[in-house]
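Structure data follow from my_file.csv (CSV, C-alpha atoms):
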```csv
chain,number,residue,atom,x,y,z
Q,1,MET,CA,-17.1,-8.5,21.4
Q,2,LYS,CA,-15.7,-7.1,18.1
Q,3,THR,CA,-17.6,-4.6,16.1
Q,4,GLU,CA,-18.1,-5.6,12.4
Q,5,PHE,CA,-18.0,-2.8,9.9
Q,6,ALA,CA,-18.5,-3.0,6.1
Q,7,ILE,CA,-15.1,-1.9,4.9
Q,8,GLY,CA,-13.3,-1.5,1.6
Q,9,ALA,CA,-11.3,-4.5,0.4
Q,10,ASN,CA,-7.6,-4.7,1.2
Q,11,ARG,CA,-5.2,-4.6,-1.8
Q,12,ALA,CA,-2.8,-7.4,-1.3
Q,13,THR,CA,-4.1,-11.0,-1.9
Q,14,ASN,CA,-5.2,-12.4,1.4
Q,15,THR,CA,-8.2,-14.1,2.9
Q,16,ASP,CA,-10.7,-12.9,5.4
Q,17,LYS,CA,-11.8,-14.8,8.4
Q,18,ILE,CA,-14.2,-17.0,6.3
Q,19,GLY,CA,-11.8,-17.7,3.5
Q,20,ARG,CA,-12.8,-15.0,0.9
Q,21,VAL,CA,-10.1,-13.3,-1.1
Q,22,VAL,CA,-9.5,-9.8,0.0
Q,23,ARG,CA,-6.9,-7.1,-0.8
Q,24,SER,CA,-4.7,-4.6,1.1
Q,25,ALA,CA,-3.0,-1.3,0.8
Q,26,PHE,CA,-0.2,0.0,-1.4
Q,27,ARG,CA,3.5,-0.3,-0.9
Q,28,PRO,CA,6.0,2.4,-0.2
Q,29,LEU,CA,7.0,3.8,-3.6
Q,30,HIS,CA,10.7,4.0,-4.3
Q,31,SER,CA,13.0,5.1,-7.1
Q,32,ALA,CA,15.7,2.9,-8.6
Q,33,THR,CA,18.1,4.1,-5.9
Q,34,GLY,CA,15.7,2.9,-3.1
Q,35,ARG,CA,14.8,6.4,-2.0
Q,36,PRO,CA,11.2,7.6,-2.3
Q,37,GLU,CA,10.9,10.1,-5.1
Q,38,MET,CA,8.1,12.5,-4.2
Q,39,GLY,CA,8.0,14.5,-7.5
Q,40,SER,CA,7.5,11.4,-9.4
Q,41,TYR,CA,5.4,9.5,-6.9
Q,42,MET,CA,2.4,9.2,-9.3
Q,43,THR,CA,4.1,8.0,-12.4
Q,44,LYS,CA,3.2,4.6,-13.7
Q,45,SER,CA,6.6,3.1,-12.7
Q,46,TYR,CA,5.9,3.9,-9.1
Q,47,SER,CA,2.3,2.9,-9.0
Q,48,THR,CA,2.8,-0.9,-9.3
Q,49,LEU,CA,1.7,-2.7,-6.1
Q,50,ASP,CA,4.0,-5.2,-4.5
Q,51,ARG,CA,1.4,-7.6,-3.2
Q,52,ARG,CA,3.9,-9.9,-1.4
Q,53,THR,CA,5.3,-7.0,0.6
Q,54,LEU,CA,1.8,-5.9,1.5
Q,55,LEU,CA,0.7,-9.4,2.4
Q,56,LYS,CA,3.6,-9.7,4.8
Q,57,GLY,CA,2.8,-6.4,6.4
Q,58,THR,CA,-1.0,-7.0,6.6
Q,59,ALA,CA,-0.4,-10.4,8.1
Q,60,LEU,CA,1.0,-8.7,11.2
Q,61,GLY,CA,-2.5,-7.5,12.1
Q,62,ILE,CA,-4.6,-10.4,10.8
Q,63,GLY,CA,-6.1,-12.5,13.6
Q,64,ALA,CA,-5.8,-10.0,16.3
Q,65,LEU,CA,-7.0,-6.4,16.9
Q,66,ALA,CA,-4.5,-3.7,17.4
Q,67,ALA,CA,-3.7,-3.2,21.1
Q,68,PRO,CA,-6.2,-0.9,22.9
Q,69,ALA,CA,-5.2,2.7,22.8
Q,70,LEU,CA,-4.1,4.3,26.1
Q,71,ILE,CA,-6.1,7.4,26.5
Q,72,SER,CA,-4.3,10.5,27.7
Q,73,ARG,CA,-5.5,11.7,31.1
Q,74,LYS,CA,-5.0,15.2,29.9
Q,75,ALA,CA,-7.3,14.6,27.0
Q,76,LEU,CA,-10.1,13.3,29.2
Q,77,ALA,CA,-9.5,16.0,31.8
Q,78,SER,CA,-10.0,19.0,29.4
Q,79,SER,CA,-13.0,19.7,27.2
Q,80,GLY,CA,-13.6,16.1,26.3
Q,81,GLU,CA,-14.6,17.3,22.8
Q,82,LEU,CA,-13.1,17.5,19.3
Q,83,ASN,CA,-14.1,19.9,16.5
Q,84,PHE,CA,-13.8,17.9,13.3
Q,85,THR,CA,-14.5,19.1,9.8
Q,86,GLY,CA,-14.9,16.4,7.1
Q,87,TRP,CA,-16.7,15.1,4.2
Q,88,ALA,CA,-20.5,15.3,3.7
Q,89,GLY,CA,-22.5,12.4,2.4
Q,90,TYR,CA,-21.3,9.6,4.7
Q,91,PRO,CA,-24.0,9.2,7.4
Q,92,ALA,CA,-22.3,6.2,9.0
Q,93,LEU,CA,-19.7,8.6,10.5
Q,94,ALA,CA,-22.3,10.2,12.8
Q,95,GLU,CA,-24.4,7.1,13.2
Q,96,LYS,CA,-21.8,4.6,14.0
Q,97,VAL,CA,-18.2,5.7,14.0
Q,98,PHE,CA,-18.2,8.8,16.3
Q,99,PRO,CA,-20.4,7.0,18.9
Q,100,ALA,CA,-17.9,4.1,18.9
Q,101,PHE,CA,-15.0,6.6,19.4
Q,102,GLU,CA,-16.8,8.4,22.2
Q,103,ALA,CA,-17.6,5.0,23.9
Q,104,ALA,CA,-13.9,4.1,23.7
Q,105,THR,CA,-12.4,7.4,24.8
Q,106,GLY,CA,-15.1,9.6,26.4
Q,107,ILE,CA,-14.4,12.3,23.7
Q,108,LYS,CA,-17.3,13.8,21.8
Q,109,VAL,CA,-16.9,14.7,18.2
Q,110,ASN,CA,-18.5,17.9,17.0
Q,111,PHE,CA,-18.8,17.2,13.2
Q,112,LYS,CA,-19.2,19.8,10.5
Q,113,GLU,CA,-19.8,18.3,7.0
Q,114,LEU,CA,-18.5,20.0,3.9
Q,115,PRO,CA,-18.8,18.8,0.2
Q,116,ASP,CA,-15.3,19.1,-1.1
Q,117,GLN,CA,-11.7,20.1,-0.3
Q,118,ASP,CA,-11.8,23.5,-1.8
Q,119,THR,CA,-14.6,24.4,0.7
Q,120,MET,CA,-12.6,22.7,3.5
Q,121,PHE,CA,-9.6,24.8,2.6
Q,122,ALA,CA,-11.6,28.0,2.6
Q,123,GLU,CA,-13.1,27.1,6.0
Q,124,GLY,CA,-9.7,26.3,7.3
Q,125,LYS,CA,-8.4,29.8,6.4
Q,126,VAL,CA,-11.3,31.4,8.2
Q,127,ALA,CA,-10.8,29.1,11.2
Q,128,LEU,CA,-7.1,30.1,11.3
Q,129,GLU,CA,-8.4,33.6,12.5
Q,130,ALA,CA,-11.7,32.7,14.1
Q,131,GLY,CA,-10.9,29.2,15.6
Q,132,GLY,CA,-13.4,26.4,15.9
Q,133,ILE,CA,-11.7,23.6,14.0
Q,134,ASP,CA,-9.2,21.1,15.4
Q,135,VAL,CA,-8.9,18.5,12.7
Q,136,ILE,CA,-9.8,18.4,9.0
Q,137,GLU,CA,-9.6,15.5,6.5
Q,138,PRO,CA,-8.0,16.5,3.1
Q,139,THR,CA,-6.1,14.2,0.7
Q,140,ILE,CA,-2.3,13.9,0.8
Q,141,ASP,CA,-1.8,15.8,-2.5
Q,142,ARG,CA,-3.1,18.9,-0.8
Q,143,VAL,CA,-0.9,18.9,2.3
Q,144,GLY,CA,1.8,21.0,0.7
Q,145,ALA,CA,-0.6,23.8,-0.3
Q,146,TRP,CA,-2.3,23.8,3.1
Q,147,ASP,CA,1.0,23.9,4.9
Q,148,SER,CA,2.4,26.7,2.7
Q,149,ASN,CA,-0.7,28.8,3.6
Q,150,GLY,CA,0.1,28.4,7.3
Q,151,LEU,CA,-2.9,26.3,8.2
Q,152,LEU,CA,-1.2,23.2,9.7
Q,153,GLY,CA,0.2,22.3,13.1
Q,154,ALA,CA,2.4,19.3,13.7
Q,155,PHE,CA,1.4,16.1,15.3
Q,156,ASP,CA,3.4,14.7,18.2
Q,157,GLU,CA,4.4,11.2,17.0
Q,158,SER,CA,4.9,10.0,20.6
Q,159,LYS,CA,1.2,10.5,21.2
Q,160,LEU,CA,0.2,8.4,18.1
Q,161,ALA,CA,0.7,4.7,17.2
Q,162,MET,CA,2.5,4.9,13.9
Q,163,ASP,CA,3.1,1.1,13.9
Q,164,ASN,CA,-0.7,0.6,13.6
Q,165,TYR,CA,-0.6,1.5,9.9
Q,166,LEU,CA,-0.4,-0.9,7.0
Q,167,PRO,CA,2.9,-0.6,5.1
Q,168,GLY,CA,3.1,2.1,2.6
Q,169,LEU,CA,0.4,4.3,4.0
Q,170,ALA,CA,2.3,6.3,6.6
Q,171,ASP,CA,5.9,5.5,5.7
Q,172,GLY,CA,8.0,5.4,2.5
Q,173,ALA,CA,7.0,7.9,-0.1
Q,174,ALA,CA,3.7,8.7,1.6
Q,175,GLY,CA,5.5,9.3,4.9
Q,176,GLU,CA,7.8,11.9,3.2
Q,177,ARG,CA,4.8,13.6,1.7
Q,178,SER,CA,3.2,13.7,5.1
Q,179,ARG,CA,6.2,15.7,6.6
Q,180,PRO,CA,6.6,19.1,4.9
Q,181,GLY,CA,9.5,20.8,6.6
Q,182,GLY,CA,10.4,17.6,8.5
Q,183,GLN,CA,7.4,17.6,10.8
Q,184,LEU,CA,4.5,15.2,10.7
Q,185,LYS,CA,1.5,17.2,9.5
Q,186,TYR,CA,-0.7,14.4,8.0
Q,187,VAL,CA,-1.7,10.9,9.0
Q,188,PRO,CA,-3.9,8.5,6.8
Q,189,SER,CA,-7.5,7.8,7.4
Q,190,ASN,CA,-8.5,5.7,4.4
Q,191,TRP,CA,-7.7,5.4,0.7
Q,192,GLY,CA,-9.6,4.5,-2.5
Q,193,THR,CA,-10.2,5.2,-6.1
Q,194,GLU,CA,-12.0,7.4,-8.7
Q,195,SER,CA,-13.0,5.4,-11.7
Q,196,LEU,CA,-15.8,4.6,-14.2
Q,197,VAL,CA,-19.3,4.1,-12.9
Q,198,VAL,CA,-21.3,2.7,-15.8
Q,199,ASN,CA,-24.9,1.7,-16.5
Q,200,THR,CA,-24.4,-1.9,-17.5
Q,201,ALA,CA,-27.3,-1.9,-19.9
Q,202,ASP,CA,-26.9,1.5,-21.6
Q,203,ALA,CA,-23.3,2.7,-21.4
Q,204,LYS,CA,-21.3,2.6,-24.6
Q,205,LEU,CA,-17.9,1.3,-23.7
Q,206,SER,CA,-14.7,0.7,-25.6
Q,207,THR,CA,-12.9,-2.7,-25.5
Q,208,PRO,CA,-11.3,-2.5,-23.0
Q,209,PRO,CA,-13.2,0.4,-21.3
Q,210,SER,CA,-11.3,3.7,-21.4
Q,211,LEU,CA,-11.3,7.2,-19.9
Q,212,GLY,CA,-12.2,8.3,-23.4
Q,213,ASP,CA,-15.7,6.7,-23.0
Q,214,LEU,CA,-16.5,9.7,-20.7
Q,215,PHE,CA,-16.4,11.9,-23.8
Q,216,ASN,CA,-18.4,9.6,-26.1
Q,217,PRO,CA,-21.5,11.6,-27.3
Q,218,GLU,CA,-23.5,8.4,-27.1
Q,219,ASN,CA,-23.1,8.4,-23.3
Q,220,GLN,CA,-24.6,10.8,-20.7
Q,221,ALA,CA,-21.9,11.7,-18.2
Q,222,VAL,CA,-21.6,12.9,-14.7
Q,223,VAL,CA,-18.1,14.3,-13.9
Q,224,ARG,CA,-16.2,16.4,-11.5
Q,225,PRO,CA,-14.7,19.2,-13.7
Q,226,HIS,CA,-11.1,19.0,-12.7
Q,227,SER,CA,-11.1,15.2,-12.7
Q,228,ALA,CA,-12.7,15.2,-16.2
Q,229,LEU,CA,-9.9,17.5,-17.5
Q,230,ALA,CA,-7.3,15.3,-15.9
Q,231,ALA,CA,-9.0,12.2,-17.5
Q,232,MET,CA,-8.9,14.0,-20.9
Q,233,GLY,CA,-5.3,14.7,-20.5
Q,234,ARG,CA,-4.4,11.2,-19.5
Q,235,TRP,CA,-6.5,9.8,-22.3
Q,236,LEU,CA,-4.7,12.0,-24.9
Q,237,ASP,CA,-1.4,11.2,-23.3
Q,238,ALA,CA,-2.0,7.4,-23.6
Q,239,GLN,CA,-2.8,8.0,-27.3
Q,240,GLY,CA,0.4,9.9,-27.9
Q,241,LYS,CA,-1.5,13.1,-28.7
Q,242,LEU,CA,0.2,15.5,-26.3
Q,243,PRO,CA,3.5,17.4,-26.9
Q,244,ARG,CA,4.9,16.2,-23.6
Q,245,PRO,CA,3.9,13.8,-20.7
Q,246,TRP,CA,0.8,14.8,-18.8
Q,247,MET,CA,2.7,14.5,-15.5
Q,248,ASP,CA,4.9,17.4,-16.5
Q,249,GLY,CA,2.1,19.8,-15.7
Q,250,TYR,CA,2.2,18.9,-12.0
Q,251,THR,CA,5.7,20.2,-11.5
Q,252,ASP,CA,6.1,22.9,-14.1
Q,253,MET,CA,3.5,25.7,-14.4
Q,254,ALA,CA,4.4,26.5,-18.0
Q,255,ALA,CA,3.9,22.8,-18.9
Q,256,MET,CA,0.7,22.9,-16.9
Q,257,ALA,CA,-0.7,25.7,-19.0
Q,258,GLU,CA,0.4,24.1,-22.3
Q,259,LEU,CA,-1.2,20.7,-21.4
Q,260,TRP,CA,-4.3,21.9,-19.7
Q,261,ASP,CA,-5.1,24.3,-22.6
Q,262,ILE,CA,-5.2,21.2,-24.8
Q,263,ALA,CA,-7.2,19.2,-22.4
Q,264,LEU,CA,-9.7,22.0,-21.9
Q,265,ALA,CA,-10.2,22.6,-25.6
Q,266,GLU,CA,-10.9,18.9,-26.3
Q,267,ALA,CA,-13.1,18.5,-23.3
Q,268,VAL,CA,-15.2,21.5,-24.3
Q,269,LYS,CA,-15.8,19.9,-27.7
Q,270,ALA,CA,-17.3,16.9,-26.0
Q,271,LYS,CA,-19.1,18.8,-23.2
Q,272,GLY,CA,-22.6,18.2,-24.8
Q,273,ASN,CA,-22.9,14.8,-23.1
Q,274,VAL,CA,-22.4,16.1,-19.5
Q,275,VAL,CA,-25.7,15.9,-17.6
Q,276,GLN,CA,-24.4,16.9,-14.2
Q,277,TRP,CA,-21.3,18.2,-12.5
Q,278,TRP,CA,-20.4,16.9,-9.1
Q,279,SER,CA,-18.2,18.0,-6.2
Q,280,GLY,CA,-19.4,15.6,-3.5
Q,281,GLU,CA,-21.0,12.2,-3.0
Q,282,ASN,CA,-24.6,13.4,-3.0
Q,283,GLU,CA,-24.3,15.2,-6.3
Q,284,ALA,CA,-22.5,12.2,-7.9
Q,285,ASN,CA,-25.3,9.9,-6.9
Q,286,ALA,CA,-28.0,12.3,-8.2
Q,287,GLY,CA,-26.3,12.4,-11.6
Q,288,PHE,CA,-27.3,8.8,-12.1
Q,289,THR,CA,-30.5,8.5,-10.1
Q,290,ALA,CA,-32.1,11.8,-11.0
Q,291,ASN,CA,-30.5,12.9,-14.3
Q,292,GLY,CA,-30.0,9.7,-16.2
Q,293,ALA,CA,-26.3,9.5,-16.5
Q,294,THR,CA,-25.0,6.3,-18.1
Q,295,ILE,CA,-21.4,6.8,-17.2
Q,296,GLY,CA,-19.4,8.8,-14.7
Q,297,LEU,CA,-16.0,9.4,-13.3
Q,298,CYS,CA,-16.7,9.0,-9.6
Q,299,TRP,CA,-15.4,7.7,-6.3
Q,300,ASP,CA,-15.6,4.0,-5.4
Q,301,SER,CA,-18.3,4.8,-2.8
Q,302,THR,CA,-20.6,6.0,-5.6
Q,303,GLY,CA,-20.2,2.8,-7.5
Q,304,PHE,CA,-20.8,0.8,-4.3
Q,305,ASN,CA,-24.0,2.7,-3.5
Q,306,LEU,CA,-25.4,2.1,-7.0
Q,307,ARG,CA,-24.2,-1.5,-7.4
Q,308,ASN,CA,-27.7,-3.0,-6.9
Q,309,ASP,CA,-29.3,-0.6,-9.3
Q,310,GLY,CA,-27.8,-1.8,-12.6
Q,311,PHE,CA,-24.4,0.0,-12.3
Q,312,ALA,CA,-20.9,-1.4,-12.2
Q,313,TYR,CA,-17.6,0.1,-11.1
Q,314,VAL,CA,-15.0,-0.4,-13.9
Q,315,ALA,CA,-11.3,0.3,-14.1
Q,316,PRO,CA,-10.3,2.0,-17.4
Q,317,VAL,CA,-7.4,0.7,-19.4
Q,318,GLU,CA,-5.4,3.8,-18.6
Q,319,GLY,CA,-5.7,3.1,-14.9
Q,320,ALA,CA,-8.1,4.4,-12.2
Q,321,PHE,CA,-7.3,7.5,-10.3
Q,322,ALA,CA,-6.4,6.8,-6.7
Q,323,TRP,CA,-6.5,9.0,-3.6
Q,324,HIS,CA,-4.9,8.9,-0.1
Q,325,GLN,CA,-7.0,10.7,2.5
Q,326,GLY,CA,-6.1,11.6,6.0
Q,327,PHE,CA,-6.1,14.0,9.0
Q,328,VAL,CA,-4.4,17.3,9.5
Q,329,LEU,CA,-4.2,19.3,12.7
Q,330,MET,CA,-5.1,23.0,12.5
Q,331,LYS,CA,-2.2,25.3,13.6
Q,332,ASN,CA,-4.5,26.9,16.2
Q,333,ALA,CA,-6.3,23.8,17.4
Q,334,THR,CA,-7.5,24.0,21.0
Q,335,ASN,CA,-8.3,20.4,21.6
Q,336,VAL,CA,-4.9,19.1,20.7
Q,337,ASP,CA,-4.8,16.0,23.0
Q,338,GLN,CA,-8.2,15.0,21.9
Q,339,ALA,CA,-7.1,15.3,18.3
Q,340,HIS,CA,-4.2,12.9,18.9
Q,341,GLU,CA,-6.5,10.4,20.6
Q,342,PHE,CA,-8.9,10.6,17.6
Q,343,VAL,CA,-6.2,10.1,15.0
Q,344,LYS,CA,-4.7,7.2,17.0
Q,345,TRP,CA,-8.1,5.5,17.4
Q,346,VAL,CA,-8.8,5.6,13.7
Q,347,SER,CA,-5.4,3.8,13.2
Q,348,THR,CA,-6.6,0.8,15.3
Q,349,ALA,CA,-8.3,-2.2,13.7
Q,350,GLU,CA,-11.8,-1.2,14.9
Q,351,GLY,CA,-11.3,2.5,14.1
Q,352,ALA,CA,-9.8,1.9,10.7
Q,353,ALA,CA,-12.6,-0.6,9.8
Q,354,GLY,CA,-15.3,1.9,10.9
Q,355,TRP,CA,-13.8,4.8,9.0
Q,356,ALA,CA,-13.3,2.8,5.8
Q,357,SER,CA,-16.8,1.4,6.2
Q,358,ALA,CA,-18.3,4.8,6.3
Q,359,PHE,CA,-16.6,5.7,3.0
Q,360,SER,CA,-17.0,2.2,1.3
Q,361,SER,CA,-13.2,2.5,0.9
Q,362,ASN,CA,-10.0,0.8,2.2
Q,363,PRO,CA,-8.8,0.7,5.8
Q,364,VAL,CA,-5.4,2.0,7.0
Q,365,GLY,CA,-4.9,-0.1,10.2
Q,366,LYS,CA,-3.5,-3.5,10.7
Q,367,GLY,CA,-6.1,-6.1,11.6
Q,368,ALA,CA,-9.0,-4.2,10.0
Q,369,ALA,CA,-9.4,-6.9,7.4
Q,370,GLU,CA,-10.7,-9.2,10.1
Q,371,LEU,CA,-13.8,-6.9,10.3
Q,372,MET,CA,-14.4,-6.9,6.6
Q,373,ASN,CA,-17.8,-7.3,5.1
Q,374,PRO,CA,-17.6,-9.9,2.3
Q,375,ASP,CA,-20.0,-7.9,0.1
Q,376,VAL,CA,-17.5,-5.0,-0.1
Q,377,ALA,CA,-14.6,-7.4,-0.7
Q,378,ALA,CA,-16.5,-8.9,-3.7
Q,379,TYR,CA,-17.3,-5.4,-5.0
Q,380,TYR,CA,-13.6,-4.4,-5.1
Q,381,ASN,CA,-12.3,-7.7,-6.3
Q,382,GLY,CA,-14.7,-7.4,-9.2
Q,383,THR,CA,-13.1,-4.2,-10.3
Q,384,PHE,CA,-9.4,-4.5,-9.4
Q,385,ASN,CA,-7.5,-7.5,-10.6
Q,386,ASP,CA,-3.7,-7.5,-10.5
Q,387,GLU,CA,-3.5,-5.6,-13.8
Q,388,ALA,CA,-5.9,-2.9,-12.7
Q,389,LEU,CA,-4.1,-2.5,-9.4
Q,390,SER,CA,-0.8,-2.2,-11.2
Q,391,LYS,CA,-2.2,0.7,-13.2
Q,392,LEU,CA,-3.5,2.8,-10.4
Q,393,TRP,CA,-2.7,6.5,-11.0
Q,394,TRP,CA,-2.1,8.3,-7.7
Q,395,TRP,CA,-3.0,12.0,-7.6
Q,396,PRO,CA,0.3,13.9,-7.6
Q,397,ASP,CA,1.2,16.7,-5.1
Q,398,GLN,CA,-0.5,19.9,-6.2
Q,399,SER,CA,0.9,23.3,-5.1
Q,400,ALA,CA,-1.3,26.2,-4.1
Q,401,GLU,CA,-0.4,27.9,-7.4
Q,402,PHE,CA,-1.3,24.7,-9.3
Q,403,LEU,CA,-4.7,24.4,-7.5
Q,404,ALA,CA,-5.6,28.0,-8.2
Q,405,LYS,CA,-4.8,27.6,-11.9
Q,406,ARG,CA,-6.6,24.2,-12.0
Q,407,ALA,CA,-9.7,25.9,-10.5
Q,408,GLU,CA,-9.6,28.5,-13.4
Q,409,TYR,CA,-9.6,25.7,-15.9
Q,410,ALA,CA,-12.5,23.9,-14.2
Q,411,ASP,CA,-14.5,27.1,-14.2
Q,412,LYS,CA,-13.8,27.7,-17.9
Q,413,TYR,CA,-14.9,24.1,-18.6
Q,414,LYS,CA,-18.2,24.5,-16.8
Q,415,ALA,CA,-18.9,27.9,-18.3
Q,416,ALA,CA,-18.0,27.0,-21.9
```

Output the file's structure in the form of structure tokens.
Amino acid sequence: MKTEFAIGANRATNTDKIGRVVRSAFRPLHSATGRPEMGSYMTKSYSTLDRRTLLKGTALGIGALAAPALISRKALASSGELNFTGWAGYPALAEKVFPAFEAATGIKVNFKELPDQDTMFAEGKVALEAGGIDVIEPTIDRVGAWDSNGLLGAFDESKLAMDNYLPGLADGAAGERSRPGGQLKYVPSNWGTESLVVNTADAKLSTPPSLGDLFNPENQAVVRPHSALAAMGRWLDAQGKLPRPWMDGYTDMAAMAELWDIALAEAVKAKGNVVQWWSGENEANAGFTANGATIGLCWDSTGFNLRNDGFAYVAPVEGAFAWHQGFVLMKNATNVDQAHEFVKWVSTAEGAAGWASAFSSNPVGKGAAELMNPDVAAYYNGTFNDEALSKLWWWPDQSAEFLAKRAEYADKYKAA
């Protein structure tokens, strides 16, 4: 009997088992020469989704679950446990997903919840000396910084099932980003977006809605500081008000200072409408339910959770931010075989569906669309038509130096 999870809609046009339109994941991103260009991975020209390619890839898994994972005898013969550090605010992980994994493999997950990636990174640095963490779940744009700080070990691809993944998630440009130094140090778990959550009755929106609406004094906003600064930068860029492209700041620290100085100054001018900062799911929800926000720049899960309370999830004309989340293996992990079994299970149809369900996001495994909840499909389809999908803006790689400087700007924004 198959387990049904409420998962995020796939991104290529397809139909679920009862005929509803669903969508699937993004394609490998390539340059004009056919080779993935990592430094330019997030530019608009590389963010367009090839829906036919994805449909072809997704169809390989529709109608049948991925083959059952073969569980390593060594994994079951050792501690039978895994120390996993991940995101707070997603109770379905502990309530449904980890029990399903334990039932399938016999491996118990010891889960530590943290609110954001900066906290995860700090915990990882401590664990590098003290131990206690096997697997953590950052986003792909952080992998380079984590690896340059010596936190990451390499996965053994022979112990995984890389063919389980939908095209574009673990291969192509994403595959290259996952292999700093040529070794696999990141595998996908789910993906989604960060876009406008709006009160349908009270939010003041442009026509069409824009990232600039976040800074309209007639709105009350809940924002994540660094995302709001990036939104300001992208909004100014779209209006031709920056001296150079916003993307330049992700590869050139001098350009970063020039551009983020401008974004900070403009964001501070508009700061009076911010009613709450958020760094994790619980804070984002509270900004609307407790503090009266009429608009926010939040994850898709926030919009899904508030969808029945008068809120809508809206893609701005500049394009929604998009994120690619996954697992990394700590360099000093002790439960290495269990870690591989865990990662492999999440790539199966059942595991991918369960993981995406917990985050109200999008699955990574072939066949997961069969387990889709139609309500979530309708939610995503209501936000992302073909045009909105073509404009998705994928977070670029961010070096350790960039992240440190970005944190300084975020602190200045909050303190201003």

Item to check | atom CA of Leu82 of chain Q to atom CA of Asp171 of chain Q, distance in Å rounded to a single decimal | outcome: 26.3 Å

Contacts between segment 343-367 of chain Q and segment 230-308 of chain Q, please, where a residue of segment 230-308 of chain Q counts if it comes within 8 Å (with only C-alpha atoms); show its shortest atom pair and distance in Å to one decimal, rows by chain and ascending number, as JSON lines.
```
{"residue": "Q:Asp300", "atom": "CA", "partner": "Q:Ser361", "partner_atom": "CA", "distance": 6.9}
{"residue": "Q:Ser301", "atom": "CA", "partner": "Q:Ser360", "partner_atom": "CA", "distance": 5.0}
{"residue": "Q:Phe304", "atom": "CA", "partner": "Q:Ser360", "partner_atom": "CA", "distance": 6.9}
```

Checklist entry - Quick one: distance from atom CA of Glu281 of chain Q to atom CA of Gly89 of chain Q in Å, one decimal? => result 5.6 Å

Next on the checklist: Excluding Met330 of chain Q and its own-chain neighbours fewer than 2 positions away, which residues fall within 6 Å of it when counting only C-alpha atoms? Please give them as a list in words.
Outcome noted: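 The residues that qualify are Asp134, Val135, Leu151, Leu152, Gly153, Asn332 and Ala333 of chain Q.
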
Checklist entry - What is the distance between atom CA of Phe121 of chain Q and atom CA of Thr105 of chain Q, in Å to one decimal? => result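 Between these atoms lies a distance of 28.3 Å.
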
Give one line per residue of segment 305-367 of chain Q that approaches segment 384-395 of chain Q to at most 8 Å, naming the two atoms of the closest pair and their distance in Å to one decimal, counting all atoms listed in the file; sort by chain then ascending residue number and deliver it as a Markdown table.
```
| residue | atom | partner | partner_atom | distance |
| --- | --- | --- | --- | --- |
| Q:Ala315 | CA | Q:Ala388 | CA | 6.4 |
| Q:Val317 | CA | Q:Ala388 | CA | 7.8 |
| Q:Glu318 | CA | Q:Lys391 | CA | 7.0 |
| Q:Gly319 | CA | Q:Lys391 | CA | 4.6 |
| Q:Ala320 | CA | Q:Leu392 | CA | 5.2 |
| Q:Phe321 | CA | Q:Trp393 | CA | 4.8 |
| Q:Ala322 | CA | Q:Trp394 | CA | 4.7 |
| Q:Trp323 | CA | Q:Trp394 | CA | 6.1 |
```

Expected file: the selected residues, C-alpha atoms, as a PDB file, in the coordinates of the input:
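Result went into result_8.pdb, see below:
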```pdb
ATOM      1  CA  ALA Q 315     -11.300   0.300 -14.100  1.00  0.00           C
ATOM      2  CA  VAL Q 317      -7.400   0.700 -19.400  1.00  0.00           C
ATOM      3  CA  GLU Q 318      -5.400   3.800 -18.600  1.00  0.00           C
ATOM      4  CA  GLY Q 319      -5.700   3.100 -14.900  1.00  0.00           C
ATOM      5  CA  ALA Q 320      -8.100   4.400 -12.200  1.00  0.00           C
ATOM      6  CA  PHE Q 321      -7.300   7.500 -10.300  1.00  0.00           C
ATOM      7  CA  ALA Q 322      -6.400   6.800  -6.700  1.00  0.00           C
ATOM      8  CA  TRP Q 323      -6.500   9.000  -3.600  1.00  0.00           C
TER       9      TRP Q 323
END
```

Checklist entry - With distances taken over all atoms listed in the file, which of Q:Val336, Q:Val109, Q:Ile140, Q:Ala416 is nearest to Leu169 of chain Q? => result Q:Ile140

Checklist entry - With all atoms listed in the file as the atoms that count, which of Q:Glu123, Q:Asp116, Q:Asp156, Q:Glu370 lies nearest to Asp337 of chain Q? => result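 Among the listed residues, Q:Asp156 lies closest to Asp337 of chain Q.
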
Checklist entry - Of the candidates Q:Leu297, Q:Phe342, Q:Ala263, Q:Pro115, which shows the shortest atom-to-atom distance to Ala100 of chain Q, using only C-alpha atoms? => result Q:Phe342

Item to check | Spatial neighbours of Ser227 of chain Q, 10 Å, only C-alpha atoms, chain gap at least 2 places, as a list in words | outcome: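 Final neighbour list, sorted by chain and number: Glu194, Val223, Arg224, Pro225, Leu229, Ala230, Ala231, Met232, Gly233, Leu297, Cys298, Phe321 and Ala410 of chain Q.
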
Put those residues in a file: C-alpha atoms, as an mmCIF file, in the frame of the given file.
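The resulting file, part_0.cif, is shown below:
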```cif
data_model
loop_
_atom_site.group_PDB
_atom_site.id
_atom_site.type_symbol
_atom_site.label_atom_id
_atom_site.label_comp_id
_atom_site.auth_asym_id
_atom_site.auth_seq_id
_atom_site.Cartn_x
_atom_site.Cartn_y
_atom_site.Cartn_z
ATOM 1 C CA GLU Q 194 -12.000 7.400 -8.700
ATOM 2 C CA VAL Q 223 -18.100 14.300 -13.900
ATOM 3 C CA ARG Q 224 -16.200 16.400 -11.500
ATOM 4 C CA PRO Q 225 -14.700 19.200 -13.700
ATOM 5 C CA LEU Q 229 -9.900 17.500 -17.500
ATOM 6 C CA ALA Q 230 -7.300 15.300 -15.900
ATOM 7 C CA ALA Q 231 -9.000 12.200 -17.500
ATOM 8 C CA MET Q 232 -8.900 14.000 -20.900
ATOM 9 C CA GLY Q 233 -5.300 14.700 -20.500
ATOM 10 C CA LEU Q 297 -16.000 9.400 -13.300
ATOM 11 C CA CYS Q 298 -16.700 9.000 -9.600
ATOM 12 C CA PHE Q 321 -7.300 7.500 -10.300
ATOM 13 C CA ALA Q 410 -12.500 23.900 -14.200
#
```
